[in-house]
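Asker: Input structure: work_30.cif, which contains mmCIF, C-alpha atoms and all ligand atoms.
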data_run
#
loop_
_atom_site.label_atom_id
_atom_site.label_comp_id
_atom_site.auth_asym_id
_atom_site.auth_seq_id
_atom_site.Cartn_x
_atom_site.Cartn_y
_atom_site.Cartn_z
CA MET A 1 148.33 105.29 213.17
CA SER A 2 148.91 104.60 209.49
CA THR A 3 145.82 102.53 209.13
CA SER A 4 145.13 99.31 207.41
CA VAL A 5 141.84 97.89 208.61
CA LEU A 6 140.41 94.49 207.79
CA VAL A 7 136.65 94.81 207.43
CA ILE A 8 134.65 91.64 208.00
CA ASN A 9 130.99 90.95 207.36
CA CYS A 10 129.99 87.46 208.50
CA GLY A 11 126.80 85.89 207.20
CA SER A 12 125.45 82.44 208.09
CA SER A 13 127.49 80.64 205.41
CA SER A 14 129.63 83.42 203.98
CA ILE A 15 132.21 86.04 204.96
CA LYS A 16 132.81 89.23 202.99
CA TYR A 17 136.15 90.85 203.66
CA ALA A 18 138.01 93.94 202.53
CA LEU A 19 141.38 95.34 203.45
CA VAL A 20 141.02 99.10 203.55
CA SER A 21 144.24 101.06 203.66
CA GLU A 22 144.88 104.77 203.72
CA HIS A 23 147.70 104.36 201.23
CA ARG A 24 146.05 102.04 198.75
CA LYS A 25 143.49 103.14 196.20
CA ASP A 26 142.95 99.56 194.96
CA ARG A 27 141.28 97.49 197.64
CA ILE A 28 141.90 93.86 198.43
CA PHE A 29 138.51 92.24 198.91
CA GLY A 30 136.70 88.96 198.59
CA LEU A 31 134.04 86.56 199.66
CA ALA A 32 134.31 83.20 201.39
CA GLU A 33 131.15 81.31 200.49
CA ASN A 34 129.38 77.96 200.94
CA LEU A 35 131.10 77.60 204.31
CA GLY A 36 130.60 74.21 205.94
CA SER A 37 130.11 72.49 202.58
CA ALA A 38 132.43 70.56 200.24
CA ASP A 39 132.13 73.49 197.86
CA ALA A 40 133.49 76.11 200.31
CA ARG A 41 135.76 78.60 198.55
CA ILE A 42 137.23 82.08 198.63
CA LYS A 43 136.84 84.34 195.61
CA GLY A 44 138.36 87.75 195.52
CA ILE A 45 140.66 90.40 194.18
CA THR A 46 144.23 90.61 195.45
CA THR A 47 146.98 93.19 195.05
CA GLY A 48 147.04 94.92 191.68
CA GLY A 49 143.55 93.69 190.77
CA ALA A 50 144.55 90.02 190.29
CA GLU A 51 141.73 87.51 190.71
CA LEU A 52 141.81 84.89 193.45
CA GLU A 53 139.85 81.64 193.62
CA LEU A 54 140.73 79.21 196.37
CA SER A 55 138.95 75.99 197.29
CA ILE A 56 138.70 75.40 201.08
CA PRO A 57 136.54 72.23 201.28
CA HIS A 58 134.42 71.94 204.46
CA ALA A 59 136.01 75.04 205.97
CA ASP A 60 133.99 76.67 208.74
CA HIS A 61 134.06 80.40 209.63
CA GLU A 62 137.19 80.02 211.74
CA LYS A 63 139.13 78.12 209.08
CA ALA A 64 138.04 80.59 206.38
CA LEU A 65 139.05 83.58 208.53
CA GLU A 66 142.40 81.94 209.26
CA THR A 67 143.00 81.47 205.51
CA ILE A 68 141.95 85.05 204.72
CA LEU A 69 144.20 86.47 207.42
CA GLU A 70 147.15 84.28 206.42
CA ARG A 71 146.90 85.70 202.92
CA LEU A 72 146.65 89.26 204.19
CA ALA A 73 149.18 89.06 207.03
CA HIS A 74 151.98 90.71 205.04
CA HIS A 75 149.76 93.78 204.63
CA ASN A 76 149.89 94.08 208.40
CA PRO A 77 146.30 95.02 209.29
CA GLN A 78 146.25 97.01 212.52
CA ALA A 79 142.63 96.46 213.42
CA ILE A 80 139.56 94.49 212.48
CA GLY A 81 136.19 96.16 211.92
CA HIS A 82 133.13 93.90 212.06
CA ARG A 83 129.86 94.86 210.46
CA VAL A 84 127.10 94.03 212.93
CA VAL A 85 123.50 94.48 211.81
CA HIS A 86 121.82 95.06 215.18
CA GLY A 87 123.39 96.93 218.04
CA GLY A 88 120.15 97.38 220.00
CA THR A 89 120.38 100.80 221.60
CA LEU A 90 124.16 101.19 221.16
CA THR A 91 124.65 104.58 219.56
CA LYS A 92 128.11 104.24 218.03
CA ALA A 93 130.84 101.83 216.96
CA GLU A 94 132.40 100.06 219.95
CA LEU A 95 135.65 98.30 220.78
CA LEU A 96 134.81 94.62 221.20
CA THR A 97 134.92 93.72 224.88
CA PRO A 98 133.07 90.90 226.69
CA GLU A 99 130.40 93.46 227.65
CA ILE A 100 129.84 94.66 224.06
CA ILE A 101 129.77 91.07 222.79
CA GLU A 102 127.08 90.36 225.38
CA ARG A 103 125.07 93.39 224.17
CA ILE A 104 125.27 92.05 220.60
CA ARG A 105 124.04 88.69 221.89
CA THR A 106 121.19 90.40 223.75
CA ALA A 107 120.10 92.07 220.49
CA THR A 108 119.89 88.67 218.74
CA PRO A 109 116.08 88.33 219.01
CA LEU A 110 115.91 91.59 217.02
CA ALA A 111 118.14 90.25 214.20
CA PRO A 112 117.88 86.46 214.46
CA LEU A 113 119.37 85.83 211.01
CA HIS A 114 122.29 88.25 211.23
CA ASN A 115 123.62 88.69 214.78
CA PRO A 116 124.36 84.98 215.48
CA ALA A 117 126.47 84.83 212.28
CA HIS A 118 128.34 88.01 213.26
CA LEU A 119 129.04 86.52 216.70
CA VAL A 120 130.52 83.38 215.13
CA GLY A 121 132.90 85.61 213.13
CA ILE A 122 133.73 87.84 216.10
CA GLU A 123 134.49 84.90 218.38
CA ALA A 124 136.66 83.25 215.71
CA THR A 125 138.72 86.40 215.05
CA MET A 126 139.09 87.07 218.79
CA ARG A 127 140.51 83.55 219.22
CA LEU A 128 142.74 83.81 216.17
CA PHE A 129 144.00 87.37 216.62
CA PRO A 130 143.78 88.28 220.30
CA HIS A 131 146.44 91.00 219.86
CA LEU A 132 144.47 92.97 217.23
CA PRO A 133 141.96 95.61 218.36
CA GLN A 134 138.52 94.68 217.07
CA VAL A 135 135.57 96.98 216.67
CA ALA A 136 131.87 96.38 215.99
CA VAL A 137 130.21 98.87 213.64
CA PHE A 138 126.42 98.68 213.81
CA ASP A 139 123.91 99.17 210.99
CA THR A 140 121.49 100.55 213.57
CA ALA A 141 123.79 103.09 215.26
CA PHE A 142 123.39 105.96 212.78
CA HIS A 143 119.63 105.96 213.37
CA GLN A 144 119.89 106.33 217.15
CA THR A 145 119.48 110.09 216.63
CA MET A 146 115.86 109.60 215.51
CA PRO A 147 113.41 111.44 217.76
CA SER A 148 110.98 109.32 219.78
CA HIS A 149 108.03 110.33 217.60
CA ALA A 150 109.88 108.68 214.69
CA TYR A 151 111.07 105.56 216.47
CA ARG A 152 108.07 104.65 218.64
CA TYR A 153 105.29 102.39 217.37
CA ALA A 154 101.73 103.11 218.41
CA LEU A 155 101.71 99.98 220.58
CA PRO A 156 101.26 99.47 224.34
CA LYS A 157 104.04 101.30 226.19
CA PHE A 158 105.36 98.25 228.08
CA LEU A 159 106.39 96.63 224.78
CA TYR A 160 108.86 99.49 224.40
CA THR A 161 109.93 99.94 228.03
CA GLU A 162 110.21 96.25 228.91
CA HIS A 163 110.91 94.57 225.56
CA ASN A 164 112.66 97.25 223.44
CA VAL A 165 109.99 97.09 220.72
CA ARG A 166 110.68 100.23 218.69
CA ARG A 167 111.96 101.26 215.29
CA TYR A 168 115.75 100.93 214.93
CA GLY A 169 116.49 101.30 211.22
CA PHE A 170 119.30 99.59 209.28
CA HIS A 171 121.79 100.29 206.44
CA GLY A 172 123.14 102.99 208.78
CA THR A 173 126.73 102.84 207.52
CA SER A 174 125.50 103.34 203.96
CA HIS A 175 123.10 106.19 204.76
CA ALA A 176 125.80 107.85 206.88
CA TYR A 177 128.48 107.55 204.20
CA VAL A 178 126.25 108.57 201.29
CA SER A 179 124.72 111.57 203.06
CA GLU A 180 128.14 112.77 204.21
CA ARG A 181 129.79 112.31 200.83
CA GLY A 182 126.77 113.65 198.95
CA SER A 183 126.46 116.78 201.07
CA GLU A 184 130.21 117.32 200.63
CA LEU A 185 129.82 117.08 196.85
CA ALA A 186 126.92 119.52 197.06
CA GLY A 187 129.16 121.99 198.93
CA SER A 188 127.28 121.79 202.25
CA PHE A 189 129.10 119.08 204.22
CA LYS A 190 126.74 117.58 206.82
CA LYS A 191 124.43 120.56 206.51
CA GLY A 192 120.82 120.80 205.40
CA GLY A 193 118.07 118.30 204.70
CA TRP A 194 118.67 115.25 202.53
CA LEU A 195 116.83 112.09 201.55
CA THR A 196 118.79 108.92 200.77
CA ALA A 197 117.52 105.90 198.84
CA HIS A 198 119.72 102.83 199.34
CA LEU A 199 118.38 100.45 196.69
CA GLY A 200 119.92 96.99 196.53
CA ASN A 201 118.63 93.54 197.24
CA GLY A 202 117.73 95.06 200.60
CA SER A 203 116.45 98.63 200.29
CA SER A 204 115.75 101.47 202.67
CA THR A 205 115.30 105.23 202.75
CA CYS A 206 116.46 107.80 205.26
CA ALA A 207 115.92 111.47 206.10
CA ILE A 208 119.03 113.29 207.31
CA TRP A 209 119.12 116.73 208.88
CA ASN A 210 122.52 118.38 209.48
CA GLY A 211 124.26 115.01 209.21
CA GLN A 212 121.95 113.13 211.60
CA SER A 213 119.32 110.52 210.81
CA VAL A 214 115.87 111.83 211.76
CA ASP A 215 113.80 109.02 210.27
CA THR A 216 114.23 105.90 208.19
CA SER A 217 112.04 103.31 206.48
CA MET A 218 113.19 100.12 208.23
CA GLY A 219 111.94 99.45 211.74
CA LEU A 220 112.27 96.84 214.46
CA THR A 221 113.64 94.54 211.77
CA PRO A 222 114.82 95.09 208.17
CA LEU A 223 111.41 93.95 206.89
CA GLU A 224 109.58 97.26 207.35
CA GLY A 225 109.56 99.92 204.67
CA VAL A 226 109.98 99.85 200.92
CA VAL A 227 109.69 96.88 198.51
CA MET A 228 112.91 94.82 198.39
CA GLY A 229 114.29 91.88 196.39
CA THR A 230 112.50 89.20 198.41
CA ARG A 231 111.13 91.24 201.35
CA SER A 232 107.62 92.64 201.26
CA GLY A 233 108.28 95.94 203.01
CA ASP A 234 105.16 97.43 204.64
CA VAL A 235 102.05 95.27 204.71
CA ASP A 236 98.94 95.39 206.87
CA PRO A 237 100.05 93.69 210.11
CA SER A 238 96.73 91.81 210.12
CA ILE A 239 98.14 89.72 207.28
CA HIS A 240 99.40 87.36 210.02
CA SER A 241 95.99 86.65 211.52
CA PHE A 242 94.40 86.57 208.07
CA LEU A 243 96.80 83.88 206.81
CA ALA A 244 96.66 81.95 210.09
CA SER A 245 92.86 81.92 210.17
CA ASN A 246 92.21 81.35 206.49
CA LEU A 247 95.17 79.24 205.31
CA GLY A 248 96.26 77.71 208.62
CA TRP A 249 99.81 79.07 208.24
CA ASP A 250 102.04 79.23 211.31
CA ILE A 251 104.21 82.20 212.24
CA TYR A 252 107.38 80.68 210.73
CA LYS A 253 105.76 80.12 207.36
CA ILE A 254 104.38 83.67 207.33
CA ASP A 255 107.74 85.10 208.34
CA LYS A 256 109.53 83.13 205.61
CA MET A 257 106.98 84.26 203.02
CA LEU A 258 107.36 87.93 203.98
CA ASN A 259 111.18 87.81 204.10
CA SER A 260 112.14 85.39 201.33
CA GLN A 261 109.29 84.97 198.89
CA SER A 262 107.82 88.46 198.59
CA GLY A 263 109.05 91.82 197.26
CA LEU A 264 110.10 91.94 193.61
CA LEU A 265 110.26 88.13 193.52
CA GLY A 266 106.76 87.71 194.91
CA LEU A 267 105.16 90.37 192.71
CA SER A 268 106.83 89.24 189.49
CA ASP A 269 106.80 85.50 190.20
CA LEU A 270 110.04 85.63 188.22
CA SER A 271 113.08 87.12 189.96
CA ASN A 272 114.34 89.28 192.82
CA ASP A 273 116.91 90.81 190.47
CA MET A 274 116.00 94.23 189.09
CA ARG A 275 118.06 93.77 185.91
CA THR A 276 116.14 90.59 185.04
CA LEU A 277 112.84 92.37 185.70
CA ILE A 278 113.71 95.38 183.55
CA GLU A 279 114.68 93.05 180.68
CA ALA A 280 111.52 90.95 181.12
CA SER A 281 109.33 94.02 181.26
CA GLU A 282 110.91 95.33 178.03
CA GLN A 283 109.92 92.02 176.46
CA GLY A 284 106.31 92.48 177.54
CA ASN A 285 106.18 90.61 180.86
CA GLU A 286 103.33 92.37 182.70
CA ASP A 287 104.11 90.94 186.15
CA ALA A 288 107.69 92.20 185.88
CA ALA A 289 106.40 95.63 184.78
CA LEU A 290 104.00 95.74 187.74
CA ALA A 291 106.75 94.72 190.19
CA ILE A 292 108.88 97.66 188.95
CA GLU A 293 105.94 100.04 189.19
CA VAL A 294 105.08 99.01 192.76
CA PHE A 295 108.78 99.27 193.70
CA CYS A 296 109.09 102.85 192.38
CA TYR A 297 105.71 104.06 193.64
CA ARG A 298 106.25 102.76 197.17
CA LEU A 299 109.79 104.08 197.19
CA ALA A 300 108.54 107.55 196.23
CA LYS A 301 105.80 107.29 198.86
CA SER A 302 108.41 106.42 201.49
CA LEU A 303 110.61 109.38 200.49
CA ALA A 304 107.62 111.72 200.56
CA GLY A 305 106.67 110.42 204.02
CA LEU A 306 110.20 110.83 205.40
CA SER A 307 110.30 114.41 204.13
CA CYS A 308 108.02 115.26 207.12
CA GLY A 309 111.12 114.83 209.31
CA LEU A 310 113.02 117.58 207.46
CA PRO A 311 112.61 121.35 207.89
CA ARG A 312 113.52 121.64 204.18
CA ILE A 313 114.66 119.36 201.37
CA ASP A 314 118.01 120.19 199.78
CA GLY A 315 118.11 117.03 197.74
CA LEU A 316 118.01 113.32 197.18
CA PHE A 317 120.83 110.76 196.95
CA PHE A 318 120.50 107.42 195.13
CA THR A 319 122.81 104.53 196.03
CA GLY A 320 123.04 100.69 196.10
CA GLY A 321 123.12 98.31 193.13
CA ILE A 322 119.83 99.61 191.73
CA GLY A 323 120.24 103.25 192.77
CA GLU A 324 123.74 103.48 191.30
CA ASN A 325 123.02 101.62 188.09
CA SER A 326 119.49 102.11 186.92
CA ALA A 327 118.67 105.44 185.30
CA TYR A 328 115.25 103.94 184.52
CA ILE A 329 114.35 103.32 188.19
CA ARG A 330 115.67 106.75 189.23
CA GLU A 331 113.59 108.44 186.57
CA LYS A 332 110.43 106.51 187.43
CA THR A 333 110.84 107.20 191.16
CA VAL A 334 111.37 110.94 190.71
CA ALA A 335 108.32 111.04 188.40
CA TYR A 336 106.23 109.81 191.36
CA LEU A 337 107.33 112.86 193.41
CA PRO A 338 105.71 115.65 191.40
CA HIS A 339 105.13 117.98 194.38
CA PHE A 340 108.75 118.43 195.43
CA GLY A 341 110.02 120.44 192.46
CA PHE A 342 112.64 117.86 191.44
CA ASN A 343 113.83 118.43 187.90
CA LEU A 344 115.78 115.43 186.62
CA SER A 345 118.19 115.90 183.72
CA GLN A 346 117.61 112.93 181.42
CA GLU A 347 120.99 113.39 179.82
CA GLN A 348 122.88 113.49 183.14
CA ASN A 349 120.82 110.63 184.52
CA ASN A 350 121.50 108.38 181.53
CA SER A 351 125.20 109.19 181.41
CA LEU A 352 126.19 107.81 184.84
CA LYS A 353 127.89 104.42 184.86
CA ARG A 354 128.55 101.99 187.74
CA GLY A 355 130.73 103.39 190.44
CA THR A 356 130.53 107.00 189.29
CA GLU A 357 129.19 109.77 191.44
CA GLY A 358 127.45 112.68 189.85
CA ARG A 359 124.65 115.20 189.89
CA ILE A 360 121.62 114.32 187.79
CA ASP A 361 119.22 117.23 188.23
CA ALA A 362 118.85 120.05 185.72
CA GLY A 363 119.91 122.80 188.14
CA THR A 364 116.53 123.93 189.43
CA GLY A 365 114.68 122.55 192.47
CA PRO A 366 116.22 120.24 195.04
CA GLN A 367 119.42 118.54 193.92
CA ILE A 368 119.57 114.88 192.86
CA TRP A 369 122.82 112.93 193.07
CA VAL A 370 124.04 109.40 192.52
CA VAL A 371 126.56 108.55 195.24
CA PRO A 372 128.08 105.03 195.16
CA THR A 373 128.01 103.67 198.67
CA ASP A 374 131.18 102.57 200.48
CA GLU A 375 130.15 100.61 203.53
CA GLU A 376 133.58 98.99 203.91
CA GLY A 377 135.34 102.36 203.77
CA ARG A 378 132.97 103.75 206.36
CA ILE A 379 133.40 100.74 208.67
CA ALA A 380 137.19 101.07 208.36
CA LYS A 381 137.00 104.78 209.19
CA GLU A 382 134.82 104.20 212.25
CA THR A 383 137.09 101.34 213.37
CA GLU A 384 140.13 103.58 213.11
CA HIS A 385 138.33 106.30 215.07
CA VAL A 386 137.42 103.94 217.93
CA VAL A 387 140.95 102.48 218.09
CA LEU A 388 142.56 105.94 218.14
CA GLU A 389 140.15 107.05 220.86
CA GLN A 390 141.15 103.98 222.87
CA VAL A 391 144.86 104.69 222.37
CA ASN A 392 144.36 108.28 223.57
CA THR A 393 142.35 107.17 226.60
CA SER A 394 145.00 104.57 227.52
CA ALA A 395 147.72 107.19 227.08
CA LYS A 396 145.85 109.53 229.43
CA LYS A 397 145.34 106.69 231.92
CA SER A 398 149.05 105.86 231.97
CA ASP A 399 149.84 109.60 232.46
CA ILE A 400 147.54 109.65 235.49
CA GLU A 401 149.05 106.41 236.81
CA THR A 402 152.57 107.87 236.45
CA VAL A 403 151.55 111.03 238.34
CA MET A 404 149.79 108.97 241.03
CA ALA A 405 152.88 106.78 241.47
P1 LIG B 501 123.19 95.28 195.80
O1 LIG B 501 122.43 94.46 196.81
O2 LIG B 501 123.46 96.67 196.25
O3 LIG B 501 124.41 94.58 195.25
O4 LIG B 501 122.21 95.43 194.53
C1 LIG B 501 121.70 94.33 193.84
C2 LIG B 501 120.59 94.79 192.92
O5 LIG B 501 121.10 95.78 192.00
C3 LIG B 501 119.99 93.67 192.08
O6 LIG B 501 118.57 93.78 192.09
C4 LIG B 501 120.51 93.98 190.70
O7 LIG B 501 119.65 93.54 189.68
C5 LIG B 501 120.55 95.50 190.73
N1 LIG B 501 121.32 96.04 189.62
C6 LIG B 501 122.65 95.93 189.38
N2 LIG B 501 122.98 96.51 188.20
C7 LIG B 501 121.81 96.97 187.66
C8 LIG B 501 121.44 97.66 186.46
N3 LIG B 501 122.36 97.98 185.56
N4 LIG B 501 120.14 97.98 186.28
C9 LIG B 501 119.21 97.66 187.18
N5 LIG B 501 119.47 97.02 188.33
C10 LIG B 501 120.75 96.68 188.57
#
Can you dump the structure from the file as structure tokens?
Ligand code: AMP
Answerer:
Amino acid sequence: MSTSVLVINCGSSSIKYALVSEHRKDRIFGLAENLGSADARIKGITTGGAELELSIPHADHEKALETILERLAHHNPQAIGHRVVHGGTLTKAELLTPEIIERIRTATPLAPLHNPAHLVGIEATMRLFPHLPQVAVFDTAFHQTMPSHAYRYALPKFLYTEHNVRRYGFHGTSHAYVSERGSELAGSFKKGGWLTAHLGNGSSTCAIWNGQSVDTSMGLTPLEGVVMGTRSGDVDPSIHSFLASNLGWDIYKIDKMLNSQSGLLGLSDLSNDMRTLIEASEQGNEDAALAIEVFCYRLAKSLAGLSCGLPRIDGLFFTGGIGENSAYIREKTVAYLPHFGFNLSQEQNNSLKRGTEGRIDAGTGPQIWVVPTDEEGRIAKETEHVVLEQVNTSAKKSDIETVMA
């Protein structure tokens, strides 16, 4: 198959899309946003890097997908790959069948903000393009190789056996891509022990041994772990009873506070955006400076903790908007890991610009690399793999049927 895969990531009022083709270096991509409102529109980049802005007033997911596909039809996509945040215990990307769709629905209580939006997108594309093979690629799947001592919580057993309460981990496509690409750059493709730090508006860390996730910072939901743009990361779980007893808050208010009003935004009382915080801190804003410090310290603490899952540490990969762009955050984080022998090259670190991959250690100690993530590329690759597998299986089936006849 000469592949051209349409990658779709449906949010509650937005759809990110990208057409990933083997033969095209320049990608066609875009974002349909404000869906359901008068201000609904598609913004993107078309062939040759031209900009697109299209108003689609009151369009819903289905209408937006129809418009996107109409515009891309002449590129002849052969499959659609959907990013799905929670796949429950599914261990790999899956061809979308009624059974797999039901499994995504069953995992909804574990990702109440994400999975319902993905299902809206999946159902719309299935209606619109019933002839195209469609695949779900799960953020959780890469972490299904974690051992039970990494994924179990110290909670009553029945919560795990009867209600699937365990650590799942997220950002799997990014950690998988970055660790694969990074280990390839380091000359030891999918070999050895690596730590990844995916630092964007959502952030997580991962420990990878011989290409497999052995532990990660996010848990049952994407709230656990390091400090994020608006998410708290780890807090004492008794915060719920404390706030309920002392401030009379209900569970929804607490949940909203932890997910949308905490993290960098909560600490700084200014912004969830790292660039804004770095600028403010340079101008003397102490809350912004503290938010950055807590972010880097807790990130380093998470990486140090995850290192317990690795027989040895070959190196560390930074990725995501912050990890790829901020030499300052990389330097501060590495400075909080004095026991690991990392030796950052200031010159190399400062020289990397957005979208460039490169090594930033001084040549002694574990390696440090910046590896720009490519979640769309990874989703397209996994989609292609699943579709080819299906084609091969069907071919074998028809061989058997011919022989039987
Ligand atoms: P992402 O979610 O991966 O798009 O990353 C978004 C985050 O990356 C935001 O917090 C941005 O402020 C941050 N970011 C982007 N460029 C820079 C930069 N040059 N320096 C620091 N943070 C940056």
Asker: May I ask you to write as a VMD selection string all residues lying at most 8 Å from ligand LIG 501 (chain B), with only C-alpha atoms and all ligand atoms counted?
Answerer: chain A and resid 198 to 202 229 272 to 278 319 to 329 354
Asker: Counting only C-alpha atoms, which residues come within 12 Å of (142.4, 100.1, 206.9), with the point read in the file's coordinates, and could you list them as an NGL selection string?
Answerer: :A and (1-8 or 17-29 or 72 or 75-81 or 376-385 or 387)
Asker: Pick out the closest residue to A:Thr173 from this set: A:Thr91, A:Thr393, A:Thr373, A:Ser12. Count all atoms listed in the file.
Answerer: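 Between A:Thr91, A:Thr393, A:Thr373, A:Ser12, the residue approaching A:Thr173 most closely is A:Thr373.
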Asker: Can you check which parts of stretch 295-348 of chain A lie within 7 Å of stretch 188-196 of chain A? Per residue, the shortest pair of atoms and distance in Å to one decimal, counting all atoms listed in the file, sorted by chain and number, as CSV.
Answerer:
residue,atom,partner,partner_atom,distance
A:Leu303,CA,A:Leu195,CA,6.9
A:Leu310,CA,A:Gly193,CA,5.8
A:Arg312,CA,A:Gly193,CA,5.7
A:Ile313,CA,A:Gly193,CA,4.9
A:Asp314,CA,A:Gly193,CA,5.3
A:Gly315,CA,A:Trp194,CA,5.1
A:Leu316,CA,A:Leu195,CA,4.7
A:Phe317,CA,A:Thr196,CA,4.7
A:Phe318,CA,A:Thr196,CA,6.1
Asker: Measure the distance from atom CA of A:Ile56 to atom CA of A:His118 in Å and round it to one decimal.
Answerer: 20.4 Å
Asker: Rounded to one decimal, what separation in Å do you get between atom CA of A:Ser268 and atom CA of A:Ser232?
Answerer: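 Distance reported for this atom pair: 12.3 Å.
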Asker: What is the distance, in Å and to one decimal place, between atom CA of A:Phe342 and atom CA of A:Leu267?
Answerer: 28.5 Å
Asker: Skipping near chain neighbours, those fewer than 6 positions away, what residues fall within 6 Å of stretch 127-140 of chain A using only C-alpha atoms, listed as a count of residues only?
Answerer: 20
Asker: In terms of the shortest atom-to-atom distance over only C-alpha atoms, which of A:Ala111, A:Leu223, A:Ile239, A:Leu54 is closest to A:Ala40?
Answerer: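 Checking each candidate against A:Ala40, we get A:Leu54 as the closest.
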Asker: With all atoms listed in the file as the counted atoms, please give the residues lying no more than 10 Å from A:Leu155, apart from itself and same-chain residues fewer than 3 positions off, as a PyMOL selection string.
Answerer: chain A and resi 152+158-160+165-166
